[in-house]
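Below: run.txt (compact mmCIF, C-alpha atoms)
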# COMPACT_ATOMS: atom_id res chain seq x y z
CA MET A 1 -0.90 0.13 14.73
CA LEU A 2 0.55 3.29 13.14
CA GLU A 3 1.18 6.61 14.87
CA ILE A 4 2.50 9.61 12.95
CA LYS A 5 3.24 12.85 14.78
CA ASN A 6 4.51 16.07 13.20
CA LEU A 7 5.97 14.22 10.22
CA LYS A 8 8.07 16.38 7.94
CA ALA A 9 9.81 15.19 4.79
CA SER A 10 12.00 16.94 2.25
CA ILE A 11 13.77 15.85 -0.92
CA ASN A 12 16.38 17.86 -2.81
CA SER A 13 15.89 20.66 -0.24
CA LYS A 14 12.16 20.90 -1.07
CA GLN A 15 9.82 20.32 1.88
CA ILE A 16 6.82 18.20 0.93
CA LEU A 17 5.32 16.95 4.19
CA LYS A 18 4.94 19.82 6.64
CA GLY A 19 3.85 18.43 9.99
CA LEU A 20 1.50 15.56 9.21
CA ASN A 21 -0.37 13.79 12.02
CA LEU A 22 -2.22 10.50 11.61
CA SER A 23 -3.28 7.60 13.85
CA ILE A 24 -4.43 4.24 12.43
CA LYS A 25 -5.62 1.51 14.79
CA PRO A 26 -5.62 -2.25 14.13
CA GLY A 27 -8.48 -3.27 11.86
CA GLU A 28 -9.03 0.20 10.39
CA VAL A 29 -9.02 1.25 6.75
CA HIS A 30 -8.04 4.87 6.13
CA ALA A 31 -8.14 6.64 2.78
CA ILE A 32 -5.95 9.60 1.82
CA MET A 33 -7.19 11.89 -0.95
CA GLY A 34 -5.79 15.16 -2.22
CA PRO A 35 -4.71 17.15 -5.27
CA ASN A 36 -1.56 16.53 -7.29
CA GLY A 37 1.55 17.60 -5.42
CA SER A 38 -0.06 17.46 -1.99
CA GLY A 39 2.37 14.80 -0.70
CA LYS A 40 0.40 11.57 -1.02
CA SER A 41 3.08 9.48 -2.71
CA THR A 42 5.78 11.06 -0.52
CA LEU A 43 3.85 9.82 2.53
CA ALA A 44 3.74 6.30 1.07
CA ASN A 45 7.46 6.39 0.26
CA VAL A 46 8.43 7.67 3.70
CA LEU A 47 6.33 5.03 5.45
CA SER A 48 7.93 2.27 3.38
CA GLY A 49 11.43 3.61 4.10
CA LYS A 50 12.45 4.72 0.61
CA ASN A 51 15.85 6.41 0.54
CA GLY A 52 16.45 10.01 -0.48
CA TYR A 53 14.17 11.82 1.95
CA GLU A 54 15.15 13.94 4.93
CA VAL A 55 12.61 12.97 7.58
CA SER A 56 11.79 14.29 11.04
CA GLY A 57 8.96 13.69 13.48
CA GLU A 58 7.61 10.53 15.10
CA LEU A 59 6.85 7.48 12.99
CA ASN A 60 5.82 4.48 15.12
CA PHE A 61 4.59 1.08 13.95
CA LYS A 62 3.19 -1.35 16.53
CA GLY A 63 4.86 0.69 19.27
CA GLU A 64 8.30 0.74 17.64
CA SER A 65 9.98 3.73 16.00
CA LEU A 66 10.58 3.27 12.28
CA ASN A 67 12.83 6.30 11.85
CA GLU A 68 16.10 4.37 11.62
CA ILE A 69 14.75 1.08 10.23
CA PRO A 70 15.63 0.28 6.57
CA VAL A 71 13.04 -0.61 3.96
CA GLU A 72 13.68 -4.38 3.93
CA VAL A 73 13.32 -4.64 7.72
CA ARG A 74 10.07 -2.66 7.62
CA ALA A 75 8.77 -5.20 5.11
CA GLN A 76 9.82 -8.07 7.37
CA LYS A 77 8.00 -6.42 10.27
CA GLY A 78 4.76 -6.43 8.26
CA LEU A 79 4.66 -3.21 6.21
CA PHE A 80 3.66 -3.56 2.55
CA LEU A 81 3.58 -0.97 -0.24
CA ALA A 82 1.66 -1.51 -3.48
CA PHE A 83 3.32 0.85 -5.94
CA GLN A 84 1.57 3.35 -8.18
CA TYR A 85 3.93 2.25 -10.96
CA PRO A 86 5.16 -1.31 -10.29
CA LEU A 87 8.69 -1.90 -11.57
CA GLU A 88 9.60 -4.36 -14.29
CA ILE A 89 12.57 -6.55 -13.31
CA PRO A 90 13.92 -8.47 -16.32
CA GLY A 91 15.51 -11.82 -15.52
CA VAL A 92 13.63 -12.31 -12.24
CA ASN A 93 10.93 -14.98 -12.33
CA THR A 94 7.74 -13.83 -10.62
CA ASN A 95 7.22 -17.05 -8.67
CA ASN A 96 10.83 -17.05 -7.47
CA PHE A 97 10.49 -13.43 -6.38
CA LEU A 98 7.32 -14.20 -4.42
CA LYS A 99 8.81 -17.30 -2.78
CA THR A 100 11.98 -15.46 -1.74
CA SER A 101 9.94 -12.54 -0.37
CA LEU A 102 7.60 -14.78 1.61
CA ASN A 103 10.41 -16.85 3.11
CA SER A 104 12.29 -13.70 4.08
CA VAL A 105 9.24 -12.53 6.02
CA ARG A 106 8.67 -15.95 7.58
CA LYS A 107 12.32 -16.19 8.65
CA ALA A 108 12.15 -12.75 10.28
CA ARG A 109 9.07 -13.91 12.24
CA GLY A 110 10.85 -17.06 13.41
CA GLU A 111 8.72 -19.30 11.16
CA LYS A 112 9.90 -22.19 9.03
CA GLU A 113 10.67 -21.37 5.40
CA LEU A 114 8.41 -23.00 2.83
CA ASP A 115 9.59 -25.47 0.23
CA THR A 116 8.49 -25.15 -3.38
CA LEU A 117 5.43 -27.41 -3.11
CA ALA A 118 4.09 -25.67 -0.01
CA PHE A 119 4.66 -22.29 -1.62
CA LEU A 120 2.93 -23.22 -4.88
CA LYS A 121 -0.07 -24.45 -2.89
CA ILE A 122 -0.42 -20.97 -1.35
CA VAL A 123 0.03 -19.29 -4.75
CA LYS A 124 -2.66 -21.48 -6.29
CA GLU A 125 -5.07 -20.72 -3.46
CA LYS A 126 -4.51 -16.95 -3.50
CA SER A 127 -4.52 -16.69 -7.31
CA SER A 128 -7.81 -18.58 -7.48
CA GLU A 129 -9.29 -16.36 -4.77
CA LEU A 130 -8.46 -13.24 -6.80
CA GLY A 131 -9.27 -14.72 -10.21
CA ILE A 132 -5.67 -14.32 -11.44
CA ASP A 133 -4.25 -16.60 -14.15
CA GLU A 134 -1.29 -18.47 -12.62
CA LYS A 135 0.46 -18.49 -16.00
CA ILE A 136 1.61 -14.88 -15.56
CA LEU A 137 3.60 -15.97 -12.49
CA ALA A 138 5.93 -18.03 -14.67
CA ARG A 139 6.96 -14.86 -16.50
CA GLN A 140 9.62 -12.30 -15.58
CA LEU A 141 8.46 -9.92 -12.87
CA ASN A 142 6.03 -7.43 -14.45
CA VAL A 143 7.85 -7.66 -17.81
CA GLY A 144 5.32 -7.39 -20.62
CA PHE A 145 2.46 -7.17 -18.12
CA SER A 146 -0.42 -4.83 -18.84
CA GLY A 147 -1.11 -2.10 -16.30
CA GLY A 148 -3.95 -4.15 -14.87
CA GLU A 149 -1.81 -7.29 -14.62
CA LYS A 150 0.89 -5.38 -12.75
CA LYS A 151 -1.61 -4.05 -10.22
CA LYS A 152 -3.22 -7.48 -9.80
CA ASN A 153 0.23 -8.94 -9.22
CA GLU A 154 0.85 -6.37 -6.49
CA ILE A 155 -2.36 -7.38 -4.73
CA LEU A 156 -1.44 -11.05 -5.07
CA GLN A 157 1.89 -10.25 -3.40
CA MET A 158 -0.02 -8.58 -0.58
CA LYS A 159 -2.24 -11.63 -0.13
CA ILE A 160 0.72 -14.00 -0.08
CA LEU A 161 2.90 -11.92 2.27
CA ASP A 162 -0.07 -11.28 4.60
CA PRO A 163 1.27 -8.02 6.09
CA TYR A 164 -0.05 -6.28 9.18
CA PHE A 165 -0.22 -2.90 7.45
CA SER A 166 -0.71 -2.32 3.72
CA ILE A 167 -0.27 0.93 1.82
CA LEU A 168 -1.92 1.19 -1.59
CA ASP A 169 -0.40 4.13 -3.46
CA GLU A 170 -2.93 5.02 -6.17
CA THR A 171 -3.27 1.35 -7.08
CA ASP A 172 -6.49 2.22 -8.90
CA SER A 173 -4.68 4.51 -11.37
CA GLY A 174 -5.38 3.44 -14.95
CA LEU A 175 -7.40 0.35 -14.04
CA ASP A 176 -10.48 -0.88 -15.87
CA ILE A 177 -13.48 -1.92 -13.83
CA ASP A 178 -12.52 -5.63 -13.68
CA ALA A 179 -9.00 -4.93 -12.42
CA LEU A 180 -10.41 -2.39 -9.96
CA LYS A 181 -12.73 -5.04 -8.54
CA THR A 182 -9.79 -7.46 -8.20
CA VAL A 183 -7.85 -4.88 -6.20
CA ALA A 184 -10.86 -4.19 -3.99
CA LYS A 185 -11.51 -7.90 -3.49
CA GLY A 186 -7.91 -8.41 -2.39
CA VAL A 187 -8.24 -5.71 0.24
CA ASN A 188 -11.71 -6.63 1.45
CA SER A 189 -10.87 -10.33 1.80
CA SER A 190 -7.81 -9.37 3.89
CA ARG A 191 -9.62 -7.11 6.34
CA THR A 192 -9.41 -8.41 9.90
CA LYS A 193 -9.32 -6.90 13.38
CA GLN A 194 -5.53 -7.21 13.33
CA LYS A 195 -4.72 -5.76 9.87
CA SER A 196 -4.87 -2.14 8.74
CA PHE A 197 -4.81 -0.37 5.39
CA LEU A 198 -3.92 3.06 4.05
CA VAL A 199 -5.51 3.61 0.64
CA ILE A 200 -4.14 6.58 -1.30
CA THR A 201 -6.26 7.68 -4.24
CA HIS A 202 -7.25 10.63 -6.39
CA TYR A 203 -10.76 9.41 -7.01
CA GLN A 204 -13.78 8.25 -5.10
CA ARG A 205 -14.51 5.27 -7.37
CA LEU A 206 -12.16 2.86 -5.56
CA LEU A 207 -13.87 3.75 -2.31
CA ASP A 208 -17.16 2.50 -3.76
CA TYR A 209 -15.65 -0.97 -3.40
CA ILE A 210 -13.32 -0.52 -0.43
CA LYS A 211 -15.33 1.17 2.31
CA PRO A 212 -12.92 3.18 4.48
CA ASP A 213 -13.48 3.90 8.16
CA PHE A 214 -11.95 7.35 7.70
CA VAL A 215 -11.15 9.63 4.78
CA HIS A 216 -8.43 12.27 5.11
CA VAL A 217 -7.69 15.15 2.76
CA LEU A 218 -4.02 15.95 2.28
CA SER A 219 -3.18 19.43 1.03
CA ASP A 220 0.20 21.18 0.96
CA GLY A 221 1.83 18.52 3.10
CA LYS A 222 -0.76 18.40 5.90
CA ILE A 223 -4.06 16.69 6.61
CA VAL A 224 -6.58 19.49 6.43
CA LYS A 225 -9.85 17.58 6.78
CA THR A 226 -11.01 14.20 8.12
CA GLY A 227 -14.37 12.51 7.80
CA CYS A 228 -16.16 9.25 7.05
CA GLY A 229 -16.78 7.72 3.62
CA ASP A 230 -19.22 10.49 2.72
CA LEU A 231 -16.30 12.92 2.55
CA ALA A 232 -14.99 11.13 -0.55
CA GLN A 233 -18.34 11.57 -2.27
CA GLU A 234 -18.37 15.23 -1.31
CA LEU A 235 -14.90 15.75 -2.80
CA GLU A 236 -15.99 14.03 -6.01
CA LYS A 237 -18.63 16.71 -6.40
CA THR A 238 -16.81 19.81 -5.16
CA GLY A 239 -13.13 19.07 -5.86
CA TYR A 240 -10.28 20.37 -3.73
CA LYS A 241 -10.35 24.09 -4.51
CA LYS A 242 -12.44 24.96 -1.47
CA LEU A 243 -9.79 23.47 0.79
CA ASN A 244 -7.08 25.92 -0.28
Would you put the structure from the file into structure tokens?
Amino acid sequence: MLEIKNLKASINSKQILKGLNLSIKPGEVHAIMGPNGSGKSTLANVLSGKNGYEVSGELNFKGESLNEIPVEVRAQKGLFLAFQYPLEIPGVNTNNFLKTSLNSVRKARGEKELDTLAFLKIVKEKSSELGIDEKILARQLNVGFSGGEKKKNEILQMKILDPYFSILDETDSGLDIDALKTVAKGVNSSRTKQKSFLVITHYQRLLDYIKPDFVHVLSDGKIVKTGCGDLAQELEKTGYKKLN
């Protein structure tokens, strides 16, 4: 699904990723943990195609190089990023945003675009599945939303867009236990043999609900340790100091 070889990334002449290697197969859930400044969010941004980074190395998704592919095309090909800090976009209705996004993806896949009734049927189904109040979808995108509502809205977007590969960039940051369970439910209900996830987090608590196949520790721009779910519990006890 995703193959990363010797990935290096710099911004404003500062190198952040320093030769990162990672392989994620279809159906796998991988977690990335690491201290502040280790490069976790940079990895998420580079994978999604965010501008501003100088990038080298191999970055392949489903056998195709992503190096020269812009962010919107990556999304159409099935890459999804749930932001650590979702943006507020005044004047943009949440439902309209979701419908436009979904139809853009469907069009890129050669599928028929959905009319309003067909779209609202999907929204109702996915909102009910996650326990999200549909009323928030009539509001402007993330405007006036609580932190938990913003994160739930991101997961609802993921469920509706149904991507092949989802990146969760510290989606658990600042969440109470109910919102955390909603995020986990969204991921767990989407797990199939064809879909993969990269969960980026500081803390082990999210991984109590989303059981990863592999846990990687990122430090100073490289993956320095890989293990199973038990590694996250070990890091919760010992911290990252021993890795440096």
Subject >> Atom-to-atom span, atom CA of A:Leu81 and atom CA of A:Lys151, Å >> reply: 11.7 Å
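Atom CA of A:Lys126 to atom CA of A:Asp208 spans 23.2 Å [interatomic distance, one decimal].
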**OP:** Show me as a PyMOL selection string the residues that reach within 9 Å of (-5.8, -0.8, -13.0), counting all atoms listed in the file and using the file's own coordinates.
**Re:** chain A and resi 146-152+171-180+183
Subject >> Selected residue of minimal separation from A:Thr94 among A:Asn36, A:Ser65, A:Asn153, A:Ser13, counting only C-alpha atoms >> reply: A:Asn153
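Residues surrounding A:Phe83 within 9 Å are A:Ala44, A:Leu81, A:Tyr85, A:Pro86, A:Leu87, A:Lys151, A:Glu154, A:Ile167, A:Leu168, A:Asp169, A:Glu170, A:Thr171 [only C-alpha atoms; sequence separation below 2 positions excluded].
Using only C-alpha atoms, the smallest distance between any of A:Glu64, A:Glu236, A:Asp220, A:Asp213 and A:Lys77 comes from A:Glu64.
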Subject >> Long-range neighbours of stretch 18-22 of chain A as a VMD selection string, 6 Å cut-off, all atoms listed in the file, 6 positions minimum in chain >> reply: chain A and resid 4 to 8 221 to 222
**OP:** Would you mind listing what lies within 12 Å of stretch 97-102 of chain A as a PyMOL selection string, with all atoms listed in the file counted and same-chain residues fewer than 2 positions away left out?
**Re:** chain A and resi 72-73+75-76+78+80+89-95+104-109+111-123+137-142+153-163
Neighbours of A:Pro35 within 9 Å (only C-alpha atoms; same-chain residues fewer than 5 positions away dropped), as a compact mmCIF listing (two decimals) with C-alpha atoms, in the coordinates of the input?
# COMPACT_ATOMS: atom_id res chain seq x y z
CA LYS A 40 0.40 11.57 -1.02
CA HIS A 202 -7.25 10.63 -6.39
CA VAL A 217 -7.69 15.15 2.76
CA LEU A 218 -4.02 15.95 2.28
CA SER A 219 -3.18 19.43 1.03
CA ASP A 220 0.20 21.18 0.96
CA GLY A 239 -13.13 19.07 -5.86
CA TYR A 240 -10.28 20.37 -3.73
CA LYS A 241 -10.35 24.09 -4.51
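With distances restricted to only C-alpha atoms, A:Asn51 is the closest residue to A:Asn12 from A:Ser127, A:Asn51, A:Asn96, A:Ser41.
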**OP:** For stretch 191-199 of chain A, list every protein, DNA or RNA residue within 8 Å, evaluated using all atoms listed in the file, and leave out those in the same chain fewer than 3 positions away; present the list as number ranges by chain.
**Re:** A: 1, 24-32, 163-170, 187-188
**OP:** Point out the residue among A:Ser38, A:Ser190, A:Thr226, A:Gln15 with the least atom-to-atom distance to A:Ser56, counting all atoms listed in the file.
**Re:** A:Gln15
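Using only C-alpha atoms for every distance, the candidate list A:Leu66, A:Val71, A:Met33, A:Ile132 yields A:Val71 as the residue closest to A:Gly49.
In this structure, atom CA of A:Leu130 sits 21.2 Å away from atom CA of A:Thr201.
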Subject >> Given all atoms listed in the file as the counted atoms, nearest of A:Lys135, A:Arg74, A:Lys14, A:Lys237 to A:Gln204 >> reply: A:Lys237
**OP:** Name the residues within 8 Å of (8.1, 16.3, -3.4), counting only C-alpha atoms in the file's coordinates, and put them as a VMD selection string.
**Re:** chain A and resid 10 to 11 14 to 16 37 39 42
